[in-house]
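> coords39.cif is reproduced in full below (mmCIF, C-alpha atoms and all ligand atoms).
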data_final
#
loop_
_atom_site.label_atom_id
_atom_site.label_comp_id
_atom_site.auth_asym_id
_atom_site.auth_seq_id
_atom_site.Cartn_x
_atom_site.Cartn_y
_atom_site.Cartn_z
CA MET A 1 -66.23 -32.97 188.35
CA THR A 2 -66.10 -30.53 191.24
CA GLY A 3 -65.59 -33.40 193.62
CA ALA A 4 -62.29 -34.39 191.99
CA GLU A 5 -61.15 -30.79 191.81
CA ARG A 6 -61.88 -30.31 195.46
CA HIS A 7 -60.01 -33.45 196.23
CA THR A 8 -56.93 -32.21 194.37
CA GLY A 9 -57.09 -28.86 196.08
CA TYR A 10 -57.55 -30.20 199.57
CA GLY A 11 -55.07 -28.98 202.14
CA GLY A 12 -56.29 -25.78 203.73
CA ASP A 13 -58.88 -24.65 206.21
CA ASP A 14 -60.67 -22.58 203.59
CA GLY A 15 -63.63 -24.88 203.21
CA LEU A 16 -61.97 -27.53 201.08
CA ALA A 17 -61.89 -29.94 203.98
CA ASP A 18 -65.66 -29.90 203.92
CA GLY A 19 -65.45 -30.58 200.19
CA LEU A 20 -63.42 -33.69 200.84
CA ASP A 21 -65.90 -34.91 203.41
CA ARG A 22 -68.64 -34.40 200.88
CA LEU A 23 -66.71 -36.24 198.22
CA TRP A 24 -66.67 -39.38 200.32
CA THR A 25 -69.97 -39.23 202.15
CA PRO A 26 -72.10 -36.59 200.44
CA HIS A 27 -75.42 -38.05 201.47
CA ARG A 28 -74.47 -38.36 205.10
CA MET A 29 -73.28 -34.76 205.00
CA THR A 30 -76.61 -33.72 203.55
CA TYR A 31 -78.47 -35.41 206.35
CA ILE A 32 -76.20 -34.02 209.03
CA SER A 33 -76.20 -30.45 207.75
CA GLY A 34 -79.78 -30.40 206.48
CA GLU A 35 -82.10 -28.11 208.36
CA ASP A 36 -85.56 -29.06 209.43
CA ARG A 37 -88.03 -27.48 207.06
CA PRO A 38 -91.42 -27.38 208.68
CA GLU A 39 -94.29 -27.34 206.25
CA GLY A 40 -97.67 -28.93 205.93
CA GLY A 41 -98.62 -28.55 209.56
CA TYR A 42 -97.27 -31.81 210.97
CA GLU A 43 -94.23 -32.28 213.13
CA LYS A 44 -90.92 -33.11 211.44
CA PRO A 45 -88.31 -34.06 214.02
CA ALA A 46 -84.86 -32.66 213.26
CA GLY A 47 -82.51 -35.28 211.90
CA CYS A 48 -85.11 -37.72 210.55
CA PRO A 49 -83.81 -38.51 207.02
CA PHE A 50 -87.27 -39.49 205.77
CA CYS A 51 -88.68 -36.13 206.89
CA LEU A 52 -85.76 -34.23 205.37
CA ALA A 53 -85.54 -36.02 202.01
CA PRO A 54 -88.60 -34.49 200.31
CA GLY A 55 -87.27 -30.96 201.02
CA LEU A 56 -83.90 -31.57 199.37
CA PRO A 57 -82.95 -31.43 195.67
CA ALA A 58 -83.60 -34.78 193.98
CA GLU A 59 -79.91 -35.43 193.25
CA GLU A 60 -79.15 -35.18 196.97
CA SER A 61 -82.22 -36.79 198.43
CA LEU A 62 -82.45 -39.57 195.78
CA VAL A 63 -86.23 -39.12 195.71
CA VAL A 64 -87.58 -40.95 192.65
CA ALA A 65 -91.26 -40.00 192.68
CA ARG A 66 -93.57 -37.82 194.75
CA GLY A 67 -97.22 -38.47 195.46
CA GLU A 68 -99.77 -36.53 197.44
CA HIS A 69 -99.24 -38.43 200.70
CA VAL A 70 -96.19 -40.64 200.08
CA TYR A 71 -92.96 -40.60 198.10
CA ALA A 72 -90.47 -43.14 196.77
CA VAL A 73 -86.74 -42.78 197.46
CA LEU A 74 -83.66 -44.90 196.75
CA ASN A 75 -82.27 -46.60 199.82
CA LEU A 76 -78.81 -45.21 200.65
CA TYR A 77 -77.83 -48.70 201.78
CA PRO A 78 -79.38 -50.90 199.11
CA TYR A 79 -79.62 -54.66 199.48
CA ASN A 80 -79.75 -54.76 195.68
CA PRO A 81 -79.51 -52.14 192.92
CA GLY A 82 -82.79 -50.24 192.65
CA HIS A 83 -83.82 -50.90 196.25
CA LEU A 84 -86.59 -48.34 196.87
CA LEU A 85 -88.36 -47.15 199.99
CA VAL A 86 -91.93 -45.86 199.94
CA CYS A 87 -92.49 -43.42 202.82
CA PRO A 88 -95.39 -41.28 204.00
CA TYR A 89 -94.49 -37.59 204.25
CA ARG A 90 -95.92 -37.68 207.77
CA HIS A 91 -93.58 -38.76 210.54
CA VAL A 92 -95.41 -41.83 211.80
CA ALA A 93 -93.87 -45.07 213.01
CA ASP A 94 -96.54 -47.71 212.87
CA TYR A 95 -98.49 -49.08 209.92
CA THR A 96 -101.68 -48.67 211.93
CA ASP A 97 -100.89 -44.94 212.21
CA LEU A 98 -101.45 -44.42 208.47
CA ASP A 99 -104.76 -42.84 207.54
CA GLU A 100 -106.82 -44.15 204.65
CA PRO A 101 -105.43 -41.92 201.87
CA GLU A 102 -101.86 -42.72 202.98
CA THR A 103 -102.60 -46.44 203.09
CA VAL A 104 -104.07 -46.38 199.59
CA GLU A 105 -101.25 -44.34 198.05
CA LEU A 106 -98.54 -46.38 199.78
CA ALA A 107 -99.99 -49.48 198.15
CA ALA A 108 -100.25 -47.76 194.77
CA PHE A 109 -96.64 -46.55 194.99
CA THR A 110 -95.46 -50.03 195.91
CA LYS A 111 -97.10 -51.38 192.75
CA ALA A 112 -95.70 -48.53 190.64
CA ALA A 113 -92.21 -49.13 192.06
CA MET A 114 -92.40 -52.81 191.07
CA ARG A 115 -93.55 -51.95 187.55
CA VAL A 116 -90.83 -49.33 187.07
CA ILE A 117 -88.04 -51.53 188.43
CA ARG A 118 -89.20 -54.45 186.29
CA HIS A 119 -89.24 -52.17 183.26
CA VAL A 120 -85.74 -50.78 183.71
CA SER A 121 -83.92 -53.79 185.14
CA SER A 122 -86.01 -56.90 184.40
CA ALA A 123 -86.11 -57.95 188.04
CA HIS A 124 -87.11 -61.60 188.46
CA GLY A 125 -88.83 -61.08 191.78
CA PHE A 126 -89.19 -58.77 194.78
CA ASN A 127 -89.03 -58.69 198.53
CA LEU A 128 -91.65 -56.27 199.86
CA GLY A 129 -92.14 -55.33 203.44
CA MET A 130 -91.94 -53.15 206.50
CA ASN A 131 -89.86 -53.73 209.58
CA GLN A 132 -91.96 -52.50 212.47
CA GLY A 133 -89.82 -51.40 215.41
CA GLY A 134 -86.11 -51.64 216.11
CA VAL A 135 -86.41 -55.22 217.39
CA ALA A 136 -87.77 -56.21 213.96
CA GLY A 137 -84.80 -54.69 212.19
CA ALA A 138 -85.99 -51.22 211.26
CA GLY A 139 -82.95 -48.95 210.85
CA ILE A 140 -85.01 -45.78 211.25
CA ALA A 141 -87.88 -47.12 213.32
CA ALA A 142 -89.55 -43.78 213.98
CA HIS A 143 -90.57 -43.15 210.36
CA LEU A 144 -92.45 -45.87 208.51
CA HIS A 145 -90.92 -47.08 205.24
CA GLN A 146 -91.93 -49.87 202.91
CA HIS A 147 -89.01 -51.71 201.27
CA VAL A 148 -89.23 -52.66 197.61
CA VAL A 149 -86.20 -54.87 196.93
CA PRO A 150 -85.70 -56.24 193.41
CA ARG A 151 -84.32 -59.77 193.19
CA TRP A 152 -82.61 -61.64 190.40
CA GLY A 153 -81.99 -65.35 190.20
CA GLY A 154 -78.70 -66.07 191.92
CA ASP A 155 -78.22 -62.56 193.32
CA ALA A 156 -77.64 -63.96 196.79
CA ASN A 157 -74.60 -65.75 195.40
CA PHE A 158 -72.63 -62.60 194.82
CA MET A 159 -74.35 -59.94 196.92
CA PRO A 160 -75.03 -59.76 200.60
CA VAL A 161 -78.81 -59.56 200.57
CA ILE A 162 -78.99 -59.03 204.30
CA GLY A 163 -76.62 -56.40 205.55
CA ARG A 164 -75.41 -53.15 204.16
CA THR A 165 -73.68 -52.94 200.82
CA LYS A 166 -71.48 -49.96 200.11
CA VAL A 167 -72.41 -48.33 196.84
CA LEU A 168 -70.76 -45.31 195.22
CA PRO A 169 -72.96 -42.22 195.51
CA GLN A 170 -72.62 -41.48 191.80
CA LEU A 171 -74.03 -44.91 191.04
CA LEU A 172 -77.00 -44.12 193.25
CA ALA A 173 -77.53 -40.78 191.49
CA ASP A 174 -77.51 -42.49 188.09
CA THR A 175 -79.91 -45.13 189.33
CA ARG A 176 -82.21 -42.45 190.70
CA GLU A 177 -82.31 -40.62 187.37
CA LEU A 178 -83.02 -43.83 185.48
CA LEU A 179 -85.89 -44.80 187.80
CA ALA A 180 -87.31 -41.26 188.02
CA LYS A 181 -87.52 -41.00 184.22
CA ALA A 182 -89.13 -44.40 183.89
CA TRP A 183 -91.58 -43.56 186.68
CA ALA A 184 -92.57 -40.26 185.05
CA ALA A 185 -93.01 -41.99 181.69
CA ALA A 186 -95.26 -44.66 183.20
CA ALA A 187 -97.43 -42.20 185.12
ZN ZN A 201 -89.63 -38.60 209.90
#
Can you dump the structure from the file as structure tokens?

Amino acid sequence: MTGAERHTGYGGDDGLADGLDRLWTPHRMTYISGEDRPEGGYEKPAGCPFCLAPGLPAEESLVVARGEHVYAVLNLYPYNPGHLLVCPYRHVADYTDLDEPETVELAAFTKAAMRVIRHVSSAHGFNLGMNQGGVAGAGIAAHLHQHVVPRWGGDANFMPVIGRTKVLPQLLADTRELLAKAWAAAA
């Protein structure tokens, strides 16, 4: 409960202000303060969250599963609980930029994500897809990401399916742990 303690102790310029910022927007802080960590021989532009995520601890990055060429991560702005993104490690924008191994593993991870989400939350259906380019609605257009959005009957009645839903970071961390365990068990 360091977050709460920091909150109580806030009031000086001794670093606690940063603690308060982190309490409210820890994931944003991670992305802002995270350093580029070049590895693997391909370019990772500074500030790209999908390039940074695999290099961060799982609790911060919300990475659920790692493959050889792609990884699955919880969306920070989920349309529904359990909304996952499958991303190549490589910083490429267009689906046609994926090489064959990336294409194959992205498909396999999309299937695995569906199975895991169904297992843990009994989703009734899914929206799958990629927004290609800013005009098509991609929030981070420069780095390809496949959405896996679980759907339940009637969810549109009480949740904004299009648009960004604010979710408490702790809830996201719990969801990540649940999905990561189920994913590891199914592998
Ligand atoms: Zn990137």
> Quick one, how far is atom CA of Ala182 of chain A from atom CA of Ala108 of chain A?
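So the answer is 15.9 Å.
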> My list of candidates is A:Asp155, A:Glu60, A:Glu105, A:Glu100. Which is closest to Phe126 of chain A when distances are computed with only C-alpha atoms?
A:Asp155
> Ala65 of chain A: which residues within 8 Å, counting all atoms listed in the file, same-chain residues fewer than 5 positions away excluded, as a PDB file with C-alpha atoms, in the coordinates of the input?

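Saved to selection-v6.pdb:
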ATOM      1  CA  TYR A  71     -92.960 -40.600 198.100  1.00  0.00           C
ATOM      2  CA  ALA A  72     -90.470 -43.140 196.770  1.00  0.00           C
ATOM      3  CA  VAL A  73     -86.740 -42.780 197.460  1.00  0.00           C
ATOM      4  CA  ALA A 180     -87.310 -41.260 188.020  1.00  0.00           C
ATOM      5  CA  TRP A 183     -91.580 -43.560 186.680  1.00  0.00           C
ATOM      6  CA  ALA A 184     -92.570 -40.260 185.050  1.00  0.00           C
TER       7      ALA A 184
END
> Show me the residues close to (-89.0, -52.4, 210.2) - anything with an atom within 9 Å, counting all atoms listed in the file - and format the list as a ChimeraX atom specification.
/A:129-141,144-147
> Pick out the closest residue to ligand ZN 201 (chain A) from this set: A:Tyr79, A:Cys48, A:Ala112, A:Leu56. Count only C-alpha atoms and all ligand atoms.
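Using only C-alpha atoms and all ligand atoms, the shortest distance to ligand ZN 201 (chain A) belongs to A:Cys48.
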> Once you count only C-alpha atoms and all ligand atoms, which residues end up within 10 Å of ligand ZN 201 (chain A), and could you hand them over as a list in words?
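Listing the residues within 10 Å of ligand ZN 201 (chain A) gives Glu43, Lys44, Pro45, Ala46, Gly47, Cys48, Pro49, Phe50, Cys51, Leu52, Ala53, Cys87, Pro88, Tyr89, Arg90, His91, Val92, Ala93, Ile140, Ala141, Ala142, His143, Leu144 and His145 of chain A.
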> Taking all atoms listed in the file into account, name the residue in A:Thr103, A:Glu68, A:Thr96, A:Ala186 that is nearest to Ile117 of chain A.
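Of A:Thr103, A:Glu68, A:Thr96, A:Ala186, the one nearest Ile117 of chain A is A:Ala186, counting all atoms listed in the file.
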> Which distance in Å separates atom CA of Leu128 of chain A and atom CA of Val70 of chain A, to one decimal?
16.3 Å
> Which one of A:Ser121, A:Pro150, A:His69, A:Pro78 sits closest to Ala107 of chain A if you count all atoms listed in the file?
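Among the listed residues, A:His69 lies closest to Ala107 of chain A.
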> If we count all atoms listed in the file, what is near Gly125 of chain A at a cut-off of 7 Å, once residues fewer than 2 positions away on the same chain are taken out, given as a list of chain:residue names?
A:Ala123, A:Pro150, A:Arg151, A:Trp152
> One number please: atom CA of Val148 of chain A to atom CA of Asn127 of chain A, in Å, one decimal.
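Computed distance, atom CA of Val148 of chain A to atom CA of Asn127 of chain A, equals 6.1 Å.
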> So, counting all atoms listed in the file, which residue among A:Leu171, A:Leu106, A:Leu178, A:Val64 is closest to Val120 of chain A?
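With all atoms listed in the file as the atom set, the closest residue is A:Leu178.
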> Could you check which of A:Leu84, A:Leu76, A:Ala58, A:Leu98 is closest to Leu172 of chain A, using only C-alpha atoms?
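Among A:Leu84, A:Leu76, A:Ala58, A:Leu98, it is A:Leu76 that comes nearest to Leu172 of chain A.
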